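Okay, structure-v2.txt now, which holds compact mmCIF, C-alpha atoms:
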# COMPACT_ATOMS: atom_id res chain seq x y z
CA MET A 11 -7.95 -1.44 -2.37
CA ASP A 12 -5.35 -2.05 0.32
CA PRO A 13 -2.04 -0.80 -1.13
CA GLN A 14 -0.16 -3.84 0.16
CA ILE A 15 -2.53 -6.16 -1.71
CA LEU A 16 -2.31 -3.93 -4.77
CA ASP A 17 1.49 -4.18 -4.70
CA TRP A 18 1.32 -7.98 -4.63
CA ILE A 19 -1.15 -8.00 -7.53
CA ASN A 20 1.14 -5.63 -9.41
CA LEU A 21 4.16 -7.84 -8.71
CA ASN A 22 2.45 -11.03 -9.90
CA LEU A 23 1.02 -9.42 -13.02
CA LYS A 24 4.39 -7.93 -13.93
CA TRP A 25 6.14 -11.25 -13.37
CA ILE A 26 3.64 -13.14 -15.54
CA HIS A 27 3.84 -10.36 -18.15
CA LEU A 28 7.61 -10.78 -18.31
CA ILE A 29 7.42 -14.58 -18.51
CA VAL A 30 4.93 -14.72 -21.37
CA GLY A 31 6.55 -11.70 -23.05
CA ILE A 32 9.93 -13.43 -23.06
CA ALA A 33 8.28 -16.54 -24.55
CA TRP A 34 6.62 -14.45 -27.28
CA ILE A 35 9.68 -12.40 -28.17
CA GLY A 36 11.89 -15.49 -28.01
CA ALA A 37 9.66 -17.28 -30.51
CA SER A 38 9.63 -14.20 -32.75
CA PHE A 39 13.42 -13.90 -32.70
CA TYR A 40 13.88 -17.64 -33.27
CA PHE A 41 11.56 -17.91 -36.26
CA ASN A 42 13.04 -14.81 -37.87
CA TRP A 43 16.50 -16.32 -37.31
CA LEU A 44 15.21 -19.55 -38.82
CA GLU A 45 13.84 -17.75 -41.86
CA GLY A 46 17.13 -15.98 -42.47
CA ASN A 47 19.35 -19.02 -42.05
CA LEU A 48 17.51 -21.53 -44.23
CA GLU A 49 19.65 -23.11 -46.93
CA ARG A 50 17.56 -22.55 -50.03
CA ASN A 51 17.53 -24.08 -53.50
CA LYS A 52 20.18 -26.66 -52.68
CA PRO A 53 20.20 -30.05 -54.39
CA GLY A 54 18.36 -32.87 -52.69
CA LEU A 55 15.57 -30.86 -51.08
CA PRO A 56 12.21 -32.68 -51.16
CA ASP A 57 9.54 -31.40 -53.54
CA GLY A 58 7.81 -28.29 -52.22
CA VAL A 59 10.51 -27.55 -49.62
CA SER A 60 12.04 -24.09 -50.05
CA GLY A 61 14.89 -24.57 -47.59
CA ASP A 62 16.19 -26.41 -44.57
CA LEU A 63 18.85 -26.17 -41.88
CA TRP A 64 20.64 -28.29 -39.34
CA SER A 65 21.38 -27.09 -35.83
CA VAL A 66 22.70 -28.48 -32.57
CA HIS A 67 21.48 -27.47 -29.13
CA GLY A 68 21.33 -29.02 -25.68
CA GLY A 69 23.24 -32.11 -26.76
CA GLY A 70 20.99 -32.93 -29.71
CA PHE A 71 20.75 -32.36 -33.46
CA TYR A 72 17.74 -30.76 -35.13
CA HIS A 73 16.73 -30.76 -38.79
CA VAL A 74 14.16 -28.13 -39.80
CA GLN A 75 12.48 -27.76 -43.19
CA LYS A 76 10.29 -24.97 -44.53
CA TYR A 77 7.78 -25.55 -47.29
CA GLU A 78 7.33 -23.05 -50.08
CA VAL A 79 3.59 -23.06 -49.35
CA ALA A 80 2.50 -26.19 -47.43
CA PRO A 81 3.08 -29.97 -47.29
CA GLU A 82 0.85 -32.24 -49.35
CA LYS A 83 -0.68 -33.67 -46.19
CA LEU A 84 -1.32 -32.02 -42.87
CA PRO A 85 0.69 -33.65 -40.02
CA SER A 86 -1.20 -35.17 -37.10
CA VAL A 87 0.55 -32.85 -34.62
CA LEU A 88 0.97 -29.19 -35.55
CA HIS A 89 2.35 -26.67 -33.04
CA TRP A 90 0.86 -23.17 -32.97
CA PHE A 91 2.34 -20.05 -31.43
CA LYS A 92 -0.34 -17.66 -30.27
CA TRP A 93 -1.01 -17.85 -26.53
CA GLU A 94 2.32 -16.20 -25.69
CA ALA A 95 1.14 -13.13 -27.60
CA TYR A 96 -2.38 -13.15 -26.19
CA PHE A 97 -1.30 -13.53 -22.55
CA THR A 98 1.37 -10.84 -22.96
CA TRP A 99 -1.31 -8.41 -24.10
CA ILE A 100 -3.86 -9.50 -21.48
CA THR A 101 -1.39 -9.16 -18.59
CA GLY A 102 -0.19 -5.85 -20.05
CA MET A 103 -3.75 -4.51 -20.05
CA LEU A 104 -4.27 -5.71 -16.47
CA LEU A 105 -1.06 -3.89 -15.49
CA LEU A 106 -2.38 -0.70 -17.10
CA LEU A 107 -5.53 -1.15 -15.02
CA VAL A 108 -3.64 -1.67 -11.74
CA VAL A 109 -0.89 0.92 -12.27
CA PHE A 110 -2.81 3.66 -14.09
CA TYR A 111 -6.57 3.25 -14.45
CA LEU A 112 -7.41 2.46 -10.82
CA ASN A 113 -5.87 5.75 -9.71
CA PRO A 114 -5.47 8.04 -12.74
CA SER A 115 -5.21 11.16 -10.57
CA LEU A 116 -1.95 9.83 -9.13
CA SER A 117 -0.43 8.09 -12.13
CA MET A 118 -1.83 9.63 -15.32
CA ILE A 119 -2.56 13.28 -14.62
CA ASP A 120 0.06 15.99 -14.26
CA PRO A 121 -1.50 19.46 -13.86
CA GLY A 122 1.72 20.93 -15.21
CA VAL A 123 1.07 19.10 -18.48
CA ALA A 124 -2.71 19.24 -18.85
CA GLU A 125 -5.73 19.65 -16.59
CA LEU A 126 -7.72 16.46 -17.18
CA SER A 127 -10.47 14.68 -15.34
CA PRO A 128 -9.65 11.11 -14.28
CA ALA A 129 -12.24 9.71 -16.70
CA LEU A 130 -10.85 11.71 -19.62
CA ALA A 131 -7.29 10.57 -18.86
CA VAL A 132 -8.40 6.92 -18.96
CA ILE A 133 -10.36 7.50 -22.19
CA ILE A 134 -7.27 9.07 -23.80
CA GLY A 135 -5.14 6.14 -22.70
CA LEU A 136 -7.52 3.46 -24.00
CA GLY A 137 -8.39 5.48 -27.08
CA SER A 138 -4.74 5.72 -28.07
CA LEU A 139 -4.51 1.92 -28.21
CA LEU A 140 -7.52 1.66 -30.52
CA VAL A 141 -6.44 4.52 -32.78
CA GLY A 142 -2.91 3.10 -33.03
CA TRP A 143 -4.20 -0.27 -34.27
CA LEU A 144 -6.73 1.22 -36.71
CA VAL A 145 -4.16 3.52 -38.32
CA TYR A 146 -1.51 0.79 -38.52
CA ASP A 147 -3.93 -1.77 -39.97
CA ALA A 148 -5.21 0.72 -42.55
CA LEU A 149 -1.63 1.50 -43.62
CA CYS A 150 -0.83 -2.21 -43.98
CA LYS A 151 -3.86 -2.71 -46.23
CA SER A 152 -3.06 0.38 -48.29
CA PRO A 153 -0.59 0.43 -51.23
CA LEU A 154 2.07 1.42 -48.67
CA GLY A 155 1.94 -2.14 -47.34
CA ASP A 156 3.80 -3.30 -50.45
CA ARG A 157 6.51 -0.65 -50.07
CA PRO A 158 8.42 -1.63 -46.88
CA VAL A 159 10.76 1.39 -46.67
CA VAL A 160 8.02 3.98 -47.24
CA PHE A 161 5.72 2.07 -44.87
CA PHE A 162 8.38 2.10 -42.16
CA ILE A 163 8.91 5.86 -42.49
CA VAL A 164 5.16 6.58 -42.33
CA ILE A 165 4.44 4.31 -39.36
CA PHE A 166 7.50 5.59 -37.50
CA LEU A 167 6.39 9.21 -38.02
CA PHE A 168 2.86 8.29 -36.91
CA LEU A 169 4.08 6.67 -33.69
CA THR A 170 6.39 9.64 -33.04
CA LEU A 171 3.41 11.96 -33.49
CA ALA A 172 1.40 9.78 -31.10
CA ALA A 173 4.22 10.02 -28.54
CA TRP A 174 4.23 13.82 -28.85
CA VAL A 175 0.44 14.04 -28.45
CA LEU A 176 0.40 11.76 -25.41
CA THR A 177 3.22 13.71 -23.71
CA GLN A 178 1.10 16.87 -24.14
CA LEU A 179 -1.85 15.25 -22.37
CA LEU A 180 -0.72 12.64 -19.84
CA SER A 181 1.98 12.54 -17.19
CA PRO A 182 5.35 11.73 -18.79
CA ARG A 183 5.60 8.20 -17.43
CA ALA A 184 2.01 7.39 -18.41
CA ALA A 185 2.63 8.80 -21.89
CA PHE A 186 5.67 6.57 -22.40
CA LEU A 187 3.88 3.45 -21.16
CA HIS A 188 0.89 4.11 -23.39
CA VAL A 189 3.10 4.42 -26.45
CA GLY A 190 4.48 1.01 -25.48
CA ALA A 191 0.96 -0.32 -24.91
CA MET A 192 -0.07 1.05 -28.31
CA ILE A 193 2.76 -0.83 -30.03
CA GLY A 194 2.06 -3.94 -27.94
CA THR A 195 -1.60 -3.79 -28.95
CA ILE A 196 -0.60 -3.56 -32.62
CA MET A 197 1.65 -6.60 -32.16
CA ALA A 198 -1.00 -8.71 -30.41
CA ALA A 199 -3.68 -7.63 -32.89
CA ASN A 200 -1.32 -8.64 -35.70
CA VAL A 201 -1.30 -12.15 -34.26
CA PHE A 202 -5.08 -12.27 -33.71
CA PHE A 203 -6.30 -10.53 -36.87
CA GLY A 204 -3.42 -11.14 -39.29
CA ILE A 205 -1.10 -14.03 -38.56
CA MET A 206 -3.52 -16.56 -37.07
CA PRO A 207 -6.27 -16.14 -39.72
CA SER A 208 -3.72 -16.63 -42.50
CA GLN A 209 -2.41 -19.78 -40.81
CA ARG A 210 -5.92 -21.11 -40.20
CA ALA A 211 -6.84 -20.49 -43.85
CA MET A 212 -3.87 -22.52 -45.03
CA VAL A 213 -4.58 -25.35 -42.57
CA ASP A 214 -8.28 -25.40 -43.54
CA ALA A 215 -7.34 -25.64 -47.22
CA LEU A 216 -5.14 -28.68 -46.52
CA GLU A 217 -7.84 -30.34 -44.43
CA ASN A 218 -10.33 -29.86 -47.28
CA GLY A 219 -7.92 -31.23 -49.87
CA LYS A 220 -7.35 -27.86 -51.53
CA GLU A 221 -4.15 -26.09 -52.55
CA PRO A 222 -3.32 -23.39 -49.94
CA ASP A 223 -2.93 -19.86 -51.26
CA GLY A 224 0.69 -18.79 -50.77
CA LYS A 225 -0.30 -15.12 -50.84
CA ILE A 226 -2.19 -15.56 -47.57
CA GLY A 227 0.92 -16.92 -45.90
CA LYS A 228 2.95 -13.96 -47.13
CA LEU A 229 0.47 -11.56 -45.52
CA GLY A 230 0.98 -13.33 -42.20
CA PHE A 231 4.75 -13.16 -42.64
CA GLN A 232 4.53 -9.40 -43.26
CA ARG A 233 2.81 -8.83 -39.92
CA SER A 234 5.24 -11.17 -38.18
CA LEU A 235 8.20 -9.22 -39.55
CA HIS A 236 6.68 -5.95 -38.36
CA ASN A 237 6.30 -7.44 -34.89
CA ASN A 238 9.95 -8.44 -34.97
CA TYR A 239 11.03 -4.83 -35.49
CA PHE A 240 8.63 -3.53 -32.82
CA THR A 241 10.12 -5.69 -30.05
CA LEU A 242 13.17 -3.64 -28.99
CA PRO A 243 11.32 -0.30 -28.76
CA VAL A 244 8.67 -2.00 -26.60
CA LEU A 245 11.31 -3.55 -24.36
CA PHE A 246 12.91 -0.15 -23.82
CA ILE A 247 9.57 1.40 -22.90
CA MET A 248 8.97 -1.40 -20.38
CA ILE A 249 12.11 -0.38 -18.45
CA SER A 250 11.93 3.38 -19.14
CA GLY A 251 10.08 4.09 -15.88
CA HIS A 252 13.36 3.51 -14.04
CA TYR A 253 15.12 6.27 -16.00
CA PRO A 254 13.57 9.73 -15.47
CA MET A 255 16.21 11.35 -17.68
CA THR A 256 14.21 9.87 -20.58
CA PHE A 257 10.51 10.27 -19.72
CA GLY A 258 11.10 13.31 -17.48
CA ALA A 259 13.16 15.30 -19.99
CA GLU A 260 11.87 18.39 -21.77
CA TYR A 261 11.84 16.70 -25.18
CA ASN A 262 10.89 13.28 -23.85
CA TRP A 263 8.92 12.29 -26.95
CA LEU A 264 11.95 12.98 -29.13
CA ILE A 265 14.22 10.94 -26.85
CA LEU A 266 11.70 8.08 -27.05
CA ALA A 267 11.69 8.28 -30.85
CA ALA A 268 15.50 8.34 -31.00
CA ILE A 269 15.97 5.32 -28.71
CA ALA A 270 13.22 3.42 -30.57
CA LEU A 271 14.97 4.15 -33.87
CA ILE A 272 18.28 2.89 -32.47
CA GLY A 273 16.51 -0.27 -31.28
CA ILE A 274 15.05 -0.83 -34.75
CA PHE A 275 18.51 -0.27 -36.22
CA VAL A 276 19.95 -2.95 -33.92
CA ARG A 277 17.16 -5.37 -34.79
CA HIS A 278 17.82 -4.73 -38.49
CA PHE A 279 21.48 -5.66 -38.01
CA PHE A 280 20.51 -9.07 -36.65
CA ASN A 281 17.88 -9.65 -39.33
CA LEU A 282 20.48 -8.87 -42.01
CA LYS A 283 23.01 -11.08 -40.23
CA ASN A 284 20.49 -13.93 -40.28
CA ARG A 285 20.42 -13.61 -44.06
CA GLY A 286 24.19 -13.72 -44.31
CA LYS A 287 24.67 -9.96 -44.68
CA ILE A 288 26.99 -8.90 -41.88
CA TYR A 289 27.67 -5.17 -41.55
CA ARG A 290 30.08 -5.01 -38.63
CA TRP A 291 29.85 -1.23 -38.38
CA MET A 292 26.16 -1.24 -37.43
CA LEU A 293 26.39 -2.25 -33.74
CA PRO A 294 29.29 0.16 -33.00
CA ALA A 295 27.26 2.84 -34.82
CA ALA A 296 24.28 2.11 -32.54
CA ALA A 297 26.53 2.44 -29.48
CA VAL A 298 27.88 5.76 -30.78
CA LEU A 299 24.34 7.01 -31.42
CA MET A 300 23.32 6.14 -27.84
CA ALA A 301 26.41 7.93 -26.51
CA LEU A 302 25.60 10.94 -28.70
CA LEU A 303 22.02 10.96 -27.41
CA ALA A 304 23.29 10.86 -23.82
CA TYR A 305 25.63 13.78 -24.59
CA LEU A 306 22.93 15.87 -26.29
CA THR A 307 20.47 15.36 -23.44
CA TYR A 308 22.98 15.78 -20.61
CA PRO A 309 21.98 18.76 -18.47
CA LYS A 310 24.37 21.66 -18.30
CA LYS A 311 26.64 21.51 -15.30
CA PRO A 312 25.30 23.98 -12.73
CA ASP A 313 27.45 27.02 -12.05
CA VAL A 314 27.65 27.40 -8.30
CA SER A 315 28.72 31.03 -8.72
CA LEU A 316 25.31 31.83 -10.20
CA MET A 317 23.40 30.85 -7.08
CA THR A 318 20.79 33.47 -6.30
CA SER A 319 21.03 32.81 -2.57
CA GLU A 320 22.42 30.43 0.01
CA VAL A 321 19.76 27.92 0.96
CA GLY A 322 20.24 25.82 4.05
CA PHE A 323 18.70 22.53 5.08
CA GLU A 324 16.23 24.32 7.36
CA THR A 325 14.70 25.99 4.29
CA ILE A 326 14.20 22.91 2.18
CA ALA A 327 13.24 20.49 4.99
CA PRO A 328 9.58 21.66 5.05
CA ILE A 329 9.43 21.39 1.24
CA VAL A 330 10.63 17.80 1.30
CA ALA A 331 8.29 16.97 4.16
CA GLN A 332 5.27 18.47 2.39
CA ARG A 333 5.99 17.51 -1.22
CA CYS A 334 8.05 14.30 -0.98
CA ALA A 335 7.68 12.59 2.39
CA THR A 336 3.95 11.98 1.97
CA CYS A 337 5.09 8.98 -0.08
CA HIS A 338 8.78 8.66 0.86
CA ALA A 339 8.33 7.77 4.52
CA GLN A 340 8.42 4.59 6.52
CA ASN A 341 4.68 4.98 6.99
CA PRO A 342 3.47 7.05 3.99
CA SER A 343 0.52 9.32 4.62
CA ASP A 344 -0.55 8.94 0.99
CA PRO A 345 -3.06 6.05 0.98
CA ALA A 346 -1.75 4.85 -2.40
CA PHE A 347 1.47 3.58 -0.80
CA ALA A 348 1.94 1.00 1.92
CA GLN A 349 5.70 1.60 1.99
CA PRO A 350 8.11 4.17 0.57
CA PRO A 351 8.62 3.82 -3.22
CA LYS A 352 11.86 1.95 -3.96
CA GLY A 353 12.51 1.88 -0.20
CA VAL A 354 13.57 5.54 -0.18
CA SER A 355 12.62 7.48 2.95
CA LEU A 356 13.11 11.25 3.19
CA GLU A 357 12.30 11.95 6.83
CA THR A 358 15.63 12.78 8.45
CA ARG A 359 18.45 15.11 7.49
CA ALA A 360 20.79 12.18 6.90
CA GLN A 361 18.27 10.51 4.59
CA ILE A 362 17.60 13.70 2.61
CA GLU A 363 21.25 14.63 2.19
CA GLY A 364 22.06 11.02 1.31
CA GLN A 365 19.52 11.25 -1.52
CA ALA A 366 20.56 14.76 -2.61
CA ASP A 367 21.67 13.67 -6.09
CA ALA A 368 18.43 11.80 -6.69
CA ILE A 369 16.31 14.68 -5.34
CA TYR A 370 18.14 17.10 -7.63
CA ALA A 371 17.77 14.83 -10.67
CA GLN A 372 14.10 14.03 -10.05
CA THR A 373 12.78 17.43 -8.97
CA VAL A 374 15.08 20.00 -10.59
CA LEU A 375 16.56 18.50 -13.74
CA THR A 376 13.60 16.43 -14.96
CA HIS A 377 10.55 17.37 -12.84
CA ALA A 378 9.77 13.64 -12.76
CA MET A 379 8.86 13.97 -9.09
CA PRO A 380 6.61 14.41 -7.25
CA LEU A 381 4.71 11.79 -9.25
CA GLY A 382 2.24 13.68 -11.42
CA ASN A 383 3.15 16.65 -9.22
CA LEU A 384 0.31 15.46 -7.02
CA THR A 385 1.64 17.43 -4.04
CA ALA A 386 1.88 20.59 -6.19
CA MET A 387 5.56 21.43 -5.84
CA THR A 388 6.04 24.95 -7.18
CA ASP A 389 8.78 26.29 -9.44
CA GLU A 390 9.97 28.47 -6.56
CA GLU A 391 10.37 25.39 -4.37
CA ARG A 392 12.31 23.65 -7.11
CA ASP A 393 14.58 26.70 -7.30
CA LEU A 394 15.18 26.48 -3.56
CA LEU A 395 16.03 22.77 -3.88
CA ASN A 396 18.39 23.68 -6.72
CA ASN A 397 20.24 26.27 -4.65
CA TRP A 398 20.36 23.96 -1.63
CA TYR A 399 21.87 21.21 -3.76
CA LEU A 400 24.45 23.54 -5.34
CA GLY A 401 25.43 24.80 -1.92
CA LEU A 402 25.75 21.24 -0.69
CA LYS A 403 28.12 20.46 -3.55
CA LYS A 404 30.34 23.53 -3.10
Using the file provided, produce a representation of the structure as structure tokens.
Amino acid sequence: MDPQILDWINLNLKWIHLIVGIAWIGASFYFNWLEGNLERNKPGLPDGVSGDLWSVHGGGFYHVQKYEVAPEKLPSVLHWFKWEAYFTWITGMLLLLVVFYLNPSLSMIDPGVAELSPALAVIIGLGSLLVGWLVYDALCKSPLGDRPVVFFIVIFLFLTLAAWVLTQLLSPRAAFLHVGAMIGTIMAANVFFGIMPSQRAMVDALENGKEPDGKIGKLGFQRSLHNNYFTLPVLFIMISGHYPMTFGAEYNWLILAAIALIGIFVRHFFNLKNRGKIYRWMLPAAAVLMALLAYLTYPKKPDVSLMTSEVGFETIAPIVAQRCATCHAQNPSDPAFAQPPKGVSLETRAQIEGQADAIYAQTVLTHAMPLGNLTAMTDEERDLLNNWYLGLKK
């Protein structure tokens, strides 16, 4: 496919993905806020109502009630929340197709990580989504599903293990995005297989004049709460491709796990706050943990005195031309690109020296570039770029 057309398809899919994703996450956050802020067991509540609340927004007042199980009679208009989740997953899968599966050799395979065929890389990617859902669903239906703390520990360790496995098989960026896709698939499947069936069962019971089973509703709430905690890790993974110091680091899977855990910690603060339990130390603690993670993963400052040799521009220019400028040029020779990624061209001395910090970070510190090491940059060439950069900074 023409790369220019592919870029426009990518742009539109990503835009739609963000729009419907914001709608889904917004609804999740709102209803969890609603659940936590209900005034319960107060005098004057109608029969069957477990709690209510008043709020003001946009110049108007709102009064919301929640029933312990269900109203006696089904209202004529009932709003459902499902298509936000479905379209987020559908557009996410289409993005995986456009970004990764149409050209797995470029985007999914890194010979320095594992020698895979394109077909096998795609199978691993898709297979991870299926395995993630099956394991999660089985854990929910097991006795662990009734033990929230133990369940959280087990599912977190499973997803961390999945992140480690994927980083041993796929290119770092593809591994990160597939962990996010795995969690996103769990979330969407929760809506389709867990939340919606429970809601339909309760509605069907009302329509047939039967008493709805409150246990079914609680099962739907369990999956909804899990989705609520998954949101911040998924959001981080969505933006992680812009930060090679995460996916391109040596222990990238561990960094992913740490940032996900901090995100869950932040989400837990707000969920507790919604229930009137405010622990003011939690958000500063999350900030300190992020700062500590940045410190622990910060590369050691290079010692210019330890340079093995002086390397001039004339030495590294052919390396950049052969390994980098196939993509980073005004007219890329790589057919996958119609224009230089992020508008960065590396064709002249001024351009290369102007991007010296980025070249050093992407090729020496993290090995995030070349993408999938498709142009086969060697360790010796990275050493030469390292010495050139150190000499430039003397």
Separation of atom CA of A:Leu235 from atom CA of A:Asp156, in Å and rounded to one decimal: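 It comes out at 13.2 Å.
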Quick check, in Å to one decimal: how far apart do atom CA of A:Leu402 and atom CA of A:Ile326 lie?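 According to the coordinates, atom CA of A:Leu402 and atom CA of A:Ile326 are separated by 12.0 Å.
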Rounded to one decimal place, report the atom CA of A:Gln232-atom CA of A:Lys52 distance in Å. 25.1 Å
Identify, on the basis of only C-alpha atoms, every residue whose closest approach to stretch 129-136 of chain A does not exceed 12 Å; exclude the query and any residue fewer than 5 positions from it along the same chain; express the result as JSON, numbers by chain. {"A": [103, 106, 107, 109, 110, 111, 112, 113, 114, 115, 116, 117, 118, 119, 120, 121, 123, 124, 141, 142, 143, 172, 173, 175, 176, 177, 178, 179, 180, 181, 184, 185, 186, 187, 188, 189, 190, 191, 192, 195]}
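Once A:Trp18 and its same-chain neighbours fewer than 5 positions away are set aside, Met11, Asp12, Pro13, Leu23, Lys24, Trp25, Leu105, Val108, Val109 and Ala348 of chain A remain within 12 Å of it when counting all atoms listed in the file.
Restricting the calculation to all atoms listed in the file, the smallest distance between A:Asn341 and any of A:Leu400, A:Glu357, A:Pro328, A:Arg285 is found for A:Glu357.
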Which of A:Ile329, A:Ile226, A:Val87, A:Leu242 sits closest to A:Thr388 [using all atoms listed in the file]: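 Counting all atoms listed in the file, the residue closest to A:Thr388 is A:Ile329.
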In terms of the shortest atom-to-atom distance over all atoms listed in the file, which of A:Leu299, A:Leu149, A:Ala368, A:Ile288 is closest to A:Arg233? A:Leu149
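All residues that come within 7 Å of the coordinates (2.4, -9.1, -39.2), counting all atoms listed in the file, are given as Asn200, Val201, Gly204, Ile205, Gly230, Phe231, Gln232, Arg233, Ser234, Leu235, His236 and Asn237 of chain A.
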Which of these residues is nearest to A:Val59, using only C-alpha atoms: A:Phe257, A:Tyr77, A:Tyr72, A:Phe162?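 Counting only C-alpha atoms, the residue closest to A:Val59 is A:Tyr77.
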As a compact mmCIF listing (two decimals), in the frame of the given file, the rebuilt stretch 220-234 of chain A with N, CA and C atoms:
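Output saved as part.txt:
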# COMPACT_ATOMS: atom_id res chain seq x y z
N LYS A 220 -7.57 -28.92 -50.56
CA LYS A 220 -7.35 -27.86 -51.53
C LYS A 220 -5.91 -27.37 -51.47
N GLU A 221 -5.49 -26.67 -52.50
CA GLU A 221 -4.15 -26.09 -52.55
C GLU A 221 -4.15 -24.78 -51.77
N PRO A 222 -3.35 -24.65 -50.70
CA PRO A 222 -3.32 -23.39 -49.94
C PRO A 222 -2.81 -22.23 -50.80
N ASP A 223 -3.33 -21.06 -50.53
CA ASP A 223 -2.93 -19.86 -51.26
C ASP A 223 -1.68 -19.27 -50.59
N GLY A 224 -0.56 -19.29 -51.32
CA GLY A 224 0.69 -18.79 -50.77
C GLY A 224 0.65 -17.31 -50.43
N LYS A 225 -0.22 -16.55 -51.11
CA LYS A 225 -0.30 -15.12 -50.84
C LYS A 225 -0.80 -14.85 -49.42
N ILE A 226 -1.68 -15.73 -48.94
CA ILE A 226 -2.19 -15.56 -47.57
C ILE A 226 -1.07 -15.73 -46.56
N GLY A 227 -0.21 -16.71 -46.79
CA GLY A 227 0.92 -16.92 -45.90
C GLY A 227 1.86 -15.73 -45.89
N LYS A 228 2.05 -15.11 -47.05
CA LYS A 228 2.95 -13.96 -47.13
C LYS A 228 2.40 -12.77 -46.35
N LEU A 229 1.07 -12.65 -46.32
CA LEU A 229 0.47 -11.56 -45.52
C LEU A 229 0.75 -11.77 -44.03
N GLY A 230 0.66 -13.03 -43.59
CA GLY A 230 0.98 -13.33 -42.20
C GLY A 230 2.44 -13.07 -41.89
N PHE A 231 3.32 -13.40 -42.84
CA PHE A 231 4.75 -13.16 -42.64
C PHE A 231 5.04 -11.67 -42.54
N GLN A 232 4.33 -10.85 -43.32
CA GLN A 232 4.53 -9.40 -43.26
C GLN A 232 4.26 -8.87 -41.86
N ARG A 233 3.14 -9.30 -41.27
CA ARG A 233 2.81 -8.83 -39.92
C ARG A 233 3.80 -9.36 -38.90
N SER A 234 4.26 -10.59 -39.09
CA SER A 234 5.24 -11.17 -38.18
C SER A 234 6.55 -10.40 -38.23
